[in-house]
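Enquirer: Hey, dropping my_file.txt in here, compact mmCIF, C-alpha atoms:
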# COMPACT_ATOMS: atom_id res chain seq x y z
CA ASP A 77 -7.92 0.67 4.00
CA ALA A 78 -9.44 4.14 4.17
CA LYS A 79 -7.62 6.95 2.41
CA THR A 80 -6.12 9.84 4.36
CA THR A 81 -5.50 13.47 3.44
CA GLN A 82 -2.80 15.56 5.07
CA PRO A 83 -1.34 19.00 4.36
CA THR A 84 1.85 18.84 2.37
CA SER A 85 3.87 20.91 4.80
CA MET A 86 3.70 22.84 8.06
CA ASP A 87 6.05 24.98 10.12
CA CYS A 88 6.18 25.22 13.88
CA ALA A 89 8.27 27.32 16.24
CA GLU A 90 10.58 25.44 18.55
CA GLY A 91 9.03 24.95 21.98
CA ARG A 92 5.49 25.43 20.70
CA ALA A 93 2.92 22.73 20.14
CA ALA A 94 2.80 21.22 16.66
CA ASN A 95 -0.69 20.21 15.57
CA LEU A 96 -0.77 17.96 12.54
CA PRO A 97 -4.21 17.33 11.02
CA CYS A 98 -5.40 14.32 9.08
CA ASN A 99 -8.69 13.72 7.32
CA HIS A 100 -10.01 10.19 6.98
CA SER A 101 -13.66 10.67 6.16
CA THR A 102 -14.11 7.13 4.78
CA ILE A 103 -12.79 5.39 7.87
CA SER A 104 -14.83 2.32 8.80
CA GLY A 105 -15.96 1.28 12.23
CA ASN A 106 -13.15 -1.11 13.04
CA GLU A 107 -10.29 0.86 11.50
CA TYR A 108 -7.66 2.56 13.60
CA VAL A 109 -5.59 5.67 13.00
CA TYR A 110 -1.83 5.18 13.15
CA TRP A 111 0.89 7.81 13.03
CA TYR A 112 4.47 7.38 11.94
CA ARG A 113 7.22 9.84 11.21
CA GLN A 114 10.32 9.72 9.06
CA ILE A 115 13.28 11.86 9.93
CA HIS A 116 15.45 12.65 6.94
CA SER A 117 17.49 9.67 5.72
CA GLN A 118 16.13 7.37 8.42
CA GLY A 119 13.51 4.67 8.46
CA PRO A 120 9.98 5.54 9.61
CA GLN A 121 9.24 5.45 13.32
CA TYR A 122 5.96 4.49 14.95
CA ILE A 123 4.45 7.26 17.11
CA ILE A 124 0.96 6.43 18.31
CA HIS A 125 -2.37 4.90 17.33
CA GLY A 126 -6.01 5.17 18.37
CA LEU A 127 -9.58 4.11 17.61
CA LYS A 128 -11.89 6.78 19.00
CA ASN A 129 -10.62 7.93 22.35
CA ASN A 130 -7.84 10.41 22.74
CA GLU A 131 -4.49 8.79 23.29
CA THR A 132 -1.25 10.04 24.79
CA ASN A 133 2.20 8.56 25.11
CA GLU A 134 5.69 9.88 25.73
CA MET A 135 6.01 11.10 22.17
CA ALA A 136 2.68 12.68 21.31
CA SER A 137 -1.06 12.96 21.79
CA LEU A 138 -3.69 11.85 19.32
CA ILE A 139 -7.06 13.57 19.22
CA ILE A 140 -9.75 11.84 17.15
CA THR A 141 -13.00 13.67 16.44
CA GLU A 142 -16.23 12.16 17.66
CA ASP A 143 -17.33 11.25 14.14
CA ARG A 144 -13.84 9.78 13.56
CA LYS A 145 -13.54 11.50 10.22
CA SER A 146 -10.43 13.41 11.22
CA SER A 147 -7.67 13.42 13.78
CA THR A 148 -4.84 15.60 15.02
CA LEU A 149 -1.42 14.56 16.15
CA ILE A 150 -0.03 16.90 18.78
CA LEU A 151 3.63 17.27 19.65
CA PRO A 152 3.31 19.36 22.81
CA HIS A 153 6.73 21.01 22.79
CA ALA A 154 8.30 20.67 19.38
CA THR A 155 12.08 20.52 19.12
CA LEU A 156 14.34 20.80 16.11
CA ARG A 157 14.68 17.01 16.15
CA ASP A 158 10.97 16.69 15.48
CA THR A 159 11.50 17.99 11.96
CA ALA A 160 10.31 15.08 9.84
CA VAL A 161 7.62 13.80 7.51
CA TYR A 162 4.59 12.69 9.51
CA TYR A 163 2.35 9.98 8.10
CA CYS A 164 -1.26 9.39 9.09
CA ILE A 165 -2.40 5.86 8.24
CA VAL A 166 -5.75 4.16 8.60
CA SER A 167 -5.74 0.39 8.87
CA GLY A 168 -7.31 -2.54 10.62
CA PRO A 169 -7.21 -3.21 14.37
CA PRO A 170 -3.77 -3.69 15.91
CA GLY A 171 -4.17 -7.43 16.15
CA SER A 172 -5.23 -7.89 12.57
CA ALA A 173 -3.65 -5.10 10.59
CA ARG A 174 -1.69 -6.79 7.86
CA GLN A 175 0.07 -4.02 6.05
CA LEU A 176 0.43 -0.27 6.36
CA THR A 177 -0.09 2.00 3.38
CA PHE A 178 1.94 5.18 3.64
CA GLY A 179 0.66 8.29 1.88
CA SER A 180 2.63 11.42 1.10
CA GLY A 181 2.55 12.71 4.67
CA THR A 182 3.15 16.18 6.10
CA GLN A 183 6.62 17.69 6.15
CA LEU A 184 6.88 19.36 9.55
CA THR A 185 9.68 21.86 9.89
CA VAL A 186 10.44 23.08 13.40
CA LEU A 187 12.00 26.51 13.26
CA PRO A 188 14.46 27.85 15.85
CA ASP B 253 22.01 -2.56 20.04
CA THR B 254 20.64 -2.22 16.54
CA ALA B 255 17.10 -3.59 16.37
CA VAL B 256 16.80 -3.83 12.58
CA SER B 257 19.96 -3.72 10.51
CA GLN B 258 20.52 -3.72 6.79
CA THR B 259 23.57 -4.24 4.65
CA PRO B 260 24.86 -2.63 2.62
CA LYS B 261 23.92 0.96 3.34
CA TYR B 262 24.81 2.01 -0.19
CA LEU B 263 24.81 -0.14 -3.31
CA VAL B 264 25.85 1.09 -6.74
CA THR B 265 25.60 -1.35 -9.60
CA GLN B 266 25.03 -1.58 -13.32
CA MET B 267 21.89 -2.49 -15.19
CA GLY B 268 21.41 -6.18 -15.68
CA ASN B 269 23.27 -7.21 -12.56
CA ASP B 270 21.82 -9.34 -9.76
CA LYS B 271 22.18 -8.06 -6.21
CA SER B 272 21.02 -8.82 -2.70
CA ILE B 273 20.27 -6.69 0.32
CA LYS B 274 20.40 -8.31 3.73
CA CYS B 275 18.17 -7.57 6.70
CA GLU B 276 18.41 -8.83 10.24
CA GLN B 277 16.27 -8.12 13.28
CA ASN B 278 17.10 -8.98 16.87
CA LEU B 279 13.69 -8.15 18.30
CA GLY B 280 12.25 -11.64 18.09
CA HIS B 281 9.48 -10.44 15.81
CA ASP B 282 7.45 -12.84 13.72
CA THR B 283 6.92 -10.69 10.66
CA MET B 284 9.33 -8.85 8.41
CA TYR B 285 8.77 -6.46 5.53
CA TRP B 286 10.45 -4.82 2.61
CA TYR B 287 9.52 -1.32 1.47
CA LYS B 288 10.69 0.76 -1.46
CA GLN B 289 10.95 4.56 -1.25
CA ASP B 290 11.36 6.21 -4.61
CA SER B 291 12.80 9.59 -5.52
CA LYS B 292 9.45 11.25 -4.81
CA LYS B 293 9.63 9.85 -1.28
CA PHE B 294 6.61 7.60 -1.62
CA LEU B 295 7.04 4.61 0.66
CA LYS B 296 5.49 1.45 -0.76
CA ILE B 297 5.18 -1.97 0.76
CA MET B 298 6.77 -4.70 -1.35
CA PHE B 299 6.49 -7.80 0.79
CA SER B 300 5.44 -8.89 4.21
CA TYR B 301 6.56 -12.29 5.43
CA ASN B 302 6.25 -14.50 8.44
CA ASN B 303 6.80 -18.19 8.81
CA LYS B 304 3.28 -18.84 7.65
CA GLU B 305 2.65 -16.46 4.86
CA LEU B 306 4.26 -14.34 2.19
CA ILE B 307 2.20 -11.41 1.01
CA ILE B 308 3.42 -9.83 -2.17
CA ASN B 309 2.35 -6.45 -3.42
CA GLU B 310 0.98 -7.18 -6.87
CA THR B 311 2.88 -4.28 -8.39
CA VAL B 312 6.27 -5.75 -7.48
CA PRO B 313 8.07 -7.28 -10.49
CA ASN B 314 8.97 -10.92 -10.14
CA ARG B 315 12.62 -9.92 -10.49
CA PHE B 316 12.35 -9.13 -6.78
CA SER B 317 12.24 -12.03 -4.36
CA PRO B 318 12.45 -12.20 -0.59
CA LYS B 319 14.35 -15.03 0.99
CA SER B 320 14.22 -15.86 4.67
CA PRO B 321 16.87 -18.29 5.95
CA ASP B 322 15.40 -17.97 9.45
CA LYS B 323 12.97 -15.92 11.46
CA ALA B 324 15.49 -13.15 12.13
CA HIS B 325 16.49 -12.57 8.52
CA LEU B 326 14.70 -11.47 5.38
CA ASN B 327 16.96 -10.80 2.43
CA LEU B 328 15.90 -9.14 -0.79
CA HIS B 329 17.21 -10.51 -4.06
CA ILE B 330 16.90 -8.49 -7.22
CA ASN B 331 17.61 -9.95 -10.63
CA SER B 332 18.35 -8.09 -13.85
CA LEU B 333 18.47 -4.68 -12.24
CA GLU B 334 16.88 -1.78 -14.10
CA LEU B 335 17.35 1.97 -13.83
CA GLY B 336 13.89 2.27 -12.26
CA ASP B 337 14.95 0.06 -9.38
CA SER B 338 17.05 2.93 -8.03
CA ALA B 339 15.52 3.82 -4.67
CA VAL B 340 15.97 3.47 -0.94
CA TYR B 341 14.90 0.06 0.32
CA PHE B 342 13.78 -0.31 3.92
CA CYS B 343 13.44 -3.49 5.88
CA ALA B 344 11.10 -3.58 8.87
CA SER B 345 9.88 -6.05 11.44
CA SER B 346 6.97 -6.26 13.81
CA GLN B 347 5.18 -8.46 16.23
CA GLU B 348 1.96 -6.56 15.62
CA ALA B 349 1.69 -5.10 12.11
CA TYR B 350 0.75 -1.66 13.33
CA GLU B 351 4.04 -1.08 15.16
CA GLN B 352 6.81 -1.73 12.72
CA TYR B 353 10.47 -1.14 13.40
CA PHE B 354 12.40 0.02 10.38
CA GLY B 355 16.00 -0.43 9.44
CA PRO B 356 18.24 2.45 8.31
CA GLY B 357 17.64 1.80 4.63
CA THR B 358 19.78 0.77 1.68
CA ARG B 359 20.26 3.31 -1.09
CA LEU B 360 20.42 1.42 -4.37
CA THR B 361 21.69 3.23 -7.44
CA VAL B 362 21.52 1.48 -10.79
CA THR B 363 23.65 3.01 -13.55
Could you take the file, read its structure, and then write that structure out as structure tokens?
Expert:
Amino acid sequence: DAKTTQPTSMDCAEGRAANLPCNHSTISGNEYVYWYRQIHSQGPQYIIHGLKNNETNEMASLIITEDRKSSTLILPHATLRDTAVYYCIVSGPPGSARQLTFGSGTQLTVLP
Amino acid sequence: DTAVSQTPKYLVTQMGNDKSIKCEQNLGHDTMYWYKQDSKKFLKIMFSYNNKELIINETVPNRFSPKSPDKAHLNLHINSLELGDSAVYFCASSQEAYEQYFGPGTRLTVT
């Protein structure tokens, strides 16, 4: 699986959009980008995934650059409950991905 | 309804003891996992298991063994506990590996 690089921490004002970047310059053609988050003292939670097109669901949007070497997770209106560690993971296609390798993630703190 | 549950939530024990952590999922998923999260918060896969295949992370000591009495359960047995085994252990399940549902975690403290 390709390695990912994320900032260690970020702050965001409540109600504003939180934009979390991830670099994955060694991503291969059939690898997807997956995002999870871990709220303090809880298990990780799946957020979203994508291959090359932008994706949106009820939790977030995922923007993947055209060269697929980086992506951004967007929480459009961050709330205090979005404070968590956000993990960007690159792995095989959804049907064949065997295991997920979690890195150190980005600690997002939403400030009131 | 709890999708993935673990017991106990906290476990304090002495070095050398043998202990088990139980995990149950009611999602009907085919695959279950065990992860270890150490004091530095790194989350590492230990095992993934379905009825066809057990995949073991090569760094996991053989003192750790998963046991699955049925598709909905994957218990973690740990023999001869060591101080370095202190961590939070998470169970997870999935139908597709990319979307895993995690349990609340078991905080193991070895003294």
Enquirer: Compare A:Pro120, A:Pro188, A:Gly126, A:Pro152 by their minimum atom-to-atom distance to Leu176 in chain A, counting only C-alpha atoms, and give me the closest one.
Expert: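 Closest candidate: A:Pro120.
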Enquirer: Using all atoms listed in the file, which of the listed residues (A:Pro97, A:Ile139, A:Thr182, A:Gly119) sits closest to Ala255 in chain B?
Expert: A:Gly119
Enquirer: If I put a ball of radius 8 Å at (6.7, 15.7, 21.7) in the file's coordinates, which residues poke into it when counting only C-alpha atoms, written as a list in words?
Expert: Glu134, Met135, Ala136, Ile150, Leu151, Pro152, His153, Ala154, Thr155 and Asp158 of chain A
Enquirer: From the set B:Leu295, B:Val256, B:Leu333, B:Val264, which residue has the shortest atom-to-atom contact distance to Gly179 in chain A, counting only C-alpha atoms?
Expert: B:Leu295
Enquirer: If you measure from CA of Glu334 in chain B to CA of Met267 in chain B, what distance in Å do you get, rounded to one decimal?
Expert: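 Computing the Euclidean distance for CA of Glu334 in chain B and CA of Met267 in chain B yields 5.2 Å.
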Enquirer: Nearest to Ala93 in chain A among A:Asn106, A:Lys128, A:Leu149, A:Gln121, with distances taken over only C-alpha atoms: which residue is it?
Expert: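 Nearest to Ala93 in chain A: A:Leu149.
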Enquirer: Just want the 8 Å neighbourhood of Cys164 in chain A, counted on only C-alpha atoms, with same-chain residues fewer than 4 positions away dropped. Output as a PDB file with C-alpha atoms, in the frame of the given file.
Expert:
ATOM      1  CA  THR A  80      -6.120   9.840   4.360  1.00  0.00           C
ATOM      2  CA  GLN A  82      -2.800  15.560   5.070  1.00  0.00           C
ATOM      3  CA  CYS A  98      -5.400  14.320   9.080  1.00  0.00           C
ATOM      4  CA  VAL A 109      -5.590   5.670  13.000  1.00  0.00           C
ATOM      5  CA  TYR A 110      -1.830   5.180  13.150  1.00  0.00           C
ATOM      6  CA  TRP A 111       0.890   7.810  13.030  1.00  0.00           C
ATOM      7  CA  TYR A 112       4.470   7.380  11.940  1.00  0.00           C
ATOM      8  CA  PHE A 178       1.940   5.180   3.640  1.00  0.00           C
ATOM      9  CA  GLY A 179       0.660   8.290   1.880  1.00  0.00           C
ATOM     10  CA  GLY A 181       2.550  12.710   4.670  1.00  0.00           C
TER      11      GLY A 181
END
Enquirer: Since the input is missing atoms for range 129-156 of chain A, could you rebuild it with N, CA and C atoms and give the result as a PDB file, in the frame of the given file?
Expert:
ATOM      1  N   ASN A 129     -10.962   7.121  21.198  1.00  0.00           N
ATOM      2  CA  ASN A 129     -10.620   7.930  22.350  1.00  0.00           C
ATOM      3  C   ASN A 129      -9.292   8.633  22.117  1.00  0.00           C
ATOM      4  N   ASN A 130      -9.111   9.712  22.827  1.00  0.00           N
ATOM      5  CA  ASN A 130      -7.840  10.410  22.740  1.00  0.00           C
ATOM      6  C   ASN A 130      -6.762   9.543  23.380  1.00  0.00           C
ATOM      7  N   GLU A 131      -5.588   9.587  22.801  1.00  0.00           N
ATOM      8  CA  GLU A 131      -4.490   8.790  23.290  1.00  0.00           C
ATOM      9  C   GLU A 131      -3.271   9.676  23.520  1.00  0.00           C
ATOM     10  N   THR A 132      -2.479   9.304  24.501  1.00  0.00           N
ATOM     11  CA  THR A 132      -1.250  10.040  24.790  1.00  0.00           C
ATOM     12  C   THR A 132      -0.150   9.058  25.154  1.00  0.00           C
ATOM     13  N   ASN A 133       1.035   9.311  24.648  1.00  0.00           N
ATOM     14  CA  ASN A 133       2.200   8.560  25.110  1.00  0.00           C
ATOM     15  C   ASN A 133       3.359   9.549  25.269  1.00  0.00           C
ATOM     16  N   GLU A 134       4.548   9.013  25.451  1.00  0.00           N
ATOM     17  CA  GLU A 134       5.690   9.880  25.730  1.00  0.00           C
ATOM     18  C   GLU A 134       6.088  10.724  24.529  1.00  0.00           C
ATOM     19  N   MET A 135       5.631  10.361  23.363  1.00  0.00           N
ATOM     20  CA  MET A 135       6.010  11.100  22.170  1.00  0.00           C
ATOM     21  C   MET A 135       4.980  12.146  21.768  1.00  0.00           C
ATOM     22  N   ALA A 136       3.696  11.802  21.889  1.00  0.00           N
ATOM     23  CA  ALA A 136       2.680  12.680  21.310  1.00  0.00           C
ATOM     24  C   ALA A 136       1.311  12.368  21.882  1.00  0.00           C
ATOM     25  N   SER A 137       0.348  13.213  21.492  1.00  0.00           N
ATOM     26  CA  SER A 137      -1.060  12.960  21.790  1.00  0.00           C
ATOM     27  C   SER A 137      -1.811  12.852  20.472  1.00  0.00           C
ATOM     28  N   LEU A 138      -2.844  12.044  20.499  1.00  0.00           N
ATOM     29  CA  LEU A 138      -3.690  11.850  19.320  1.00  0.00           C
ATOM     30  C   LEU A 138      -5.113  12.185  19.695  1.00  0.00           C
ATOM     31  N   ILE A 139      -5.678  13.152  18.984  1.00  0.00           N
ATOM     32  CA  ILE A 139      -7.060  13.570  19.220  1.00  0.00           C
ATOM     33  C   ILE A 139      -7.877  13.134  17.999  1.00  0.00           C
ATOM     34  N   ILE A 140      -8.886  12.321  18.235  1.00  0.00           N
ATOM     35  CA  ILE A 140      -9.750  11.840  17.150  1.00  0.00           C
ATOM     36  C   ILE A 140     -11.134  12.450  17.360  1.00  0.00           C
ATOM     37  N   THR A 141     -11.691  13.038  16.311  1.00  0.00           N
ATOM     38  CA  THR A 141     -13.000  13.670  16.440  1.00  0.00           C
ATOM     39  C   THR A 141     -14.074  12.620  16.734  1.00  0.00           C
ATOM     40  N   GLU A 142     -15.177  13.085  17.259  1.00  0.00           N
ATOM     41  CA  GLU A 142     -16.230  12.160  17.660  1.00  0.00           C
ATOM     42  C   GLU A 142     -16.773  11.349  16.486  1.00  0.00           C
ATOM     43  N   ASP A 143     -16.850  11.978  15.316  1.00  0.00           N
ATOM     44  CA  ASP A 143     -17.330  11.250  14.140  1.00  0.00           C
ATOM     45  C   ASP A 143     -16.228  10.417  13.495  1.00  0.00           C
ATOM     46  N   ARG A 144     -15.021  10.525  14.001  1.00  0.00           N
ATOM     47  CA  ARG A 144     -13.840   9.780  13.560  1.00  0.00           C
ATOM     48  C   ARG A 144     -13.415  10.097  12.138  1.00  0.00           C
ATOM     49  N   LYS A 145     -13.902  11.176  11.599  1.00  0.00           N
ATOM     50  CA  LYS A 145     -13.540  11.500  10.220  1.00  0.00           C
ATOM     51  C   LYS A 145     -12.248  12.302  10.138  1.00  0.00           C
ATOM     52  N   SER A 146     -11.715  12.714  11.249  1.00  0.00           N
ATOM     53  CA  SER A 146     -10.430  13.410  11.220  1.00  0.00           C
ATOM     54  C   SER A 146      -9.732  13.235  12.563  1.00  0.00           C
ATOM     55  N   SER A 147      -8.447  13.526  12.549  1.00  0.00           N
ATOM     56  CA  SER A 147      -7.670  13.420  13.780  1.00  0.00           C
ATOM     57  C   SER A 147      -6.544  14.447  13.743  1.00  0.00           C
ATOM     58  N   THR A 148      -5.967  14.679  14.907  1.00  0.00           N
ATOM     59  CA  THR A 148      -4.840  15.600  15.020  1.00  0.00           C
ATOM     60  C   THR A 148      -3.766  14.980  15.888  1.00  0.00           C
ATOM     61  N   LEU A 149      -2.572  14.975  15.374  1.00  0.00           N
ATOM     62  CA  LEU A 149      -1.420  14.560  16.150  1.00  0.00           C
ATOM     63  C   LEU A 149      -0.815  15.797  16.783  1.00  0.00           C
ATOM     64  N   ILE A 150      -0.575  15.744  18.078  1.00  0.00           N
ATOM     65  CA  ILE A 150      -0.030  16.900  18.780  1.00  0.00           C
ATOM     66  C   ILE A 150       1.327  16.551  19.378  1.00  0.00           C
ATOM     67  N   LEU A 151       2.330  17.325  18.981  1.00  0.00           N
ATOM     68  CA  LEU A 151       3.630  17.270  19.650  1.00  0.00           C
ATOM     69  C   LEU A 151       3.659  18.455  20.594  1.00  0.00           C
ATOM     70  N   PRO A 152       3.590  18.246  21.882  1.00  0.00           N
ATOM     71  CA  PRO A 152       3.310  19.360  22.810  1.00  0.00           C
ATOM     72  C   PRO A 152       4.405  20.438  22.855  1.00  0.00           C
ATOM     73  N   HIS A 153       5.630  20.045  22.749  1.00  0.00           N
ATOM     74  CA  HIS A 153       6.730  21.010  22.790  1.00  0.00           C
ATOM     75  C   HIS A 153       7.740  20.619  21.708  1.00  0.00           C
ATOM     76  N   ALA A 154       7.496  21.101  20.517  1.00  0.00           N
ATOM     77  CA  ALA A 154       8.300  20.670  19.380  1.00  0.00           C
ATOM     78  C   ALA A 154       9.763  21.092  19.532  1.00  0.00           C
ATOM     79  N   THR A 155      10.650  20.208  19.154  1.00  0.00           N
ATOM     80  CA  THR A 155      12.080  20.520  19.120  1.00  0.00           C
ATOM     81  C   THR A 155      12.568  20.384  17.683  1.00  0.00           C
ATOM     82  N   LEU A 156      13.791  20.857  17.461  1.00  0.00           N
ATOM     83  CA  LEU A 156      14.340  20.800  16.110  1.00  0.00           C
ATOM     84  C   LEU A 156      14.409  19.354  15.611  1.00  0.00           C
TER      85      LEU A 156
END
